[in-house]
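**Student:** I am attaching a structure below and will ask some questions about it afterwards.
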Amino acid sequence: MPTDLAFATEALDFHRAITVPDGPLAATRPELDALHQHCLALYALLDAHTTRTTPIDRAGGEALRAARVRLWQAAEHLHAAWHHAPATDADRLLVRGGCRPRLPVCGRHLRMSVRVRHTHTPAELRAPFTGPDRL
């Protein structure tokens with residue numbers, strides 16, 4: 001595993017271990033915003049690998065493409081979770097009526113959604129995960 005990805009993985013594991021307490025507690029908007037940003041960075045990394053792999057290894061490229069779609073679906077869910085997360089009174093005023101491009105999480109999501117919709121069909125983006133056809 002490349003060193004920088006190994007450090008990123010270890011940092012996420014460390015963050016979870018020291019930051020996420022046991023017991024019931026709703027995820028905060030800053031936490032969900034950071035997870036959303038991380039998810040979109042992973043999407044961009046998978047996009048680069050998909051683009052480079054597909055001409056050389058079609059089956060591998062298709063598997064990466066499917067992973068990229070699932071990562072976008074995860075980003076969609078994280079974005080929705082951010083909107084449903086407990087909000088301060090100031091937050092409620094900002095998000096009353098849905099997405100606002102000036103909000104960091106919404107602006108980032110809307111910008112990436114343009115890229116995603118040029119790359120994937122609506123059917124792909126809405127398809128449920130059924131697992132790999134072949135391994």
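Each chain in the structure tokens gets a letter, A, B, ..., in the order shown, and its residues are numbered from 1; ligands are numbered from 1 in order too.
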Determine, counting only C-alpha atoms, which protein, DNA and RNA residues have an atom within 12 Å of an atom of A:Thr121; residues of the same chain fewer than 6 positions away are not included. Present the result as a list of chain:residue names.
**Tutor:**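 Close residues of A:Thr121: A:Arg65, A:Val69, A:Ser113, A:Arg115, A:Ala127.
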**Student:** With distances taken over only C-alpha atoms, which of A:Leu32, A:Ala63, A:Ala27, A:Leu42 is nearest to A:Cys106?
**Tutor:**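 Looking at the shortest contact to A:Cys106, the residue is A:Leu32.
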**Student:** Mind checking DSSP for stretch 32-101 of chain A and telling me the helix (DSSP H, G or I) residues as a PyMOL selection string?
**Tutor:** chain A and resi 32-53+58-84+89-95
**Student:** Pick from A:His38, A:Trp82, A:Arg108, A:Thr50: nearest to A:Ala11, with only C-alpha atoms counted?
**Tutor:**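 Among A:His38, A:Trp82, A:Arg108, A:Thr50, it is A:His38 that comes nearest to A:Ala11.
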**Student:** Quick one: pull the distance between atom CA of A:Ala59 and atom CA of A:Ala6, Å, one decimal.
**Tutor:**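 A separation of 25.6 Å between them.
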**Student:** Report, in Å to a single decimal, how far apart atom CA of A:Arg52 and atom CA of A:Ala8 are.
**Tutor:**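 Those two atoms sit 22.3 Å apart.
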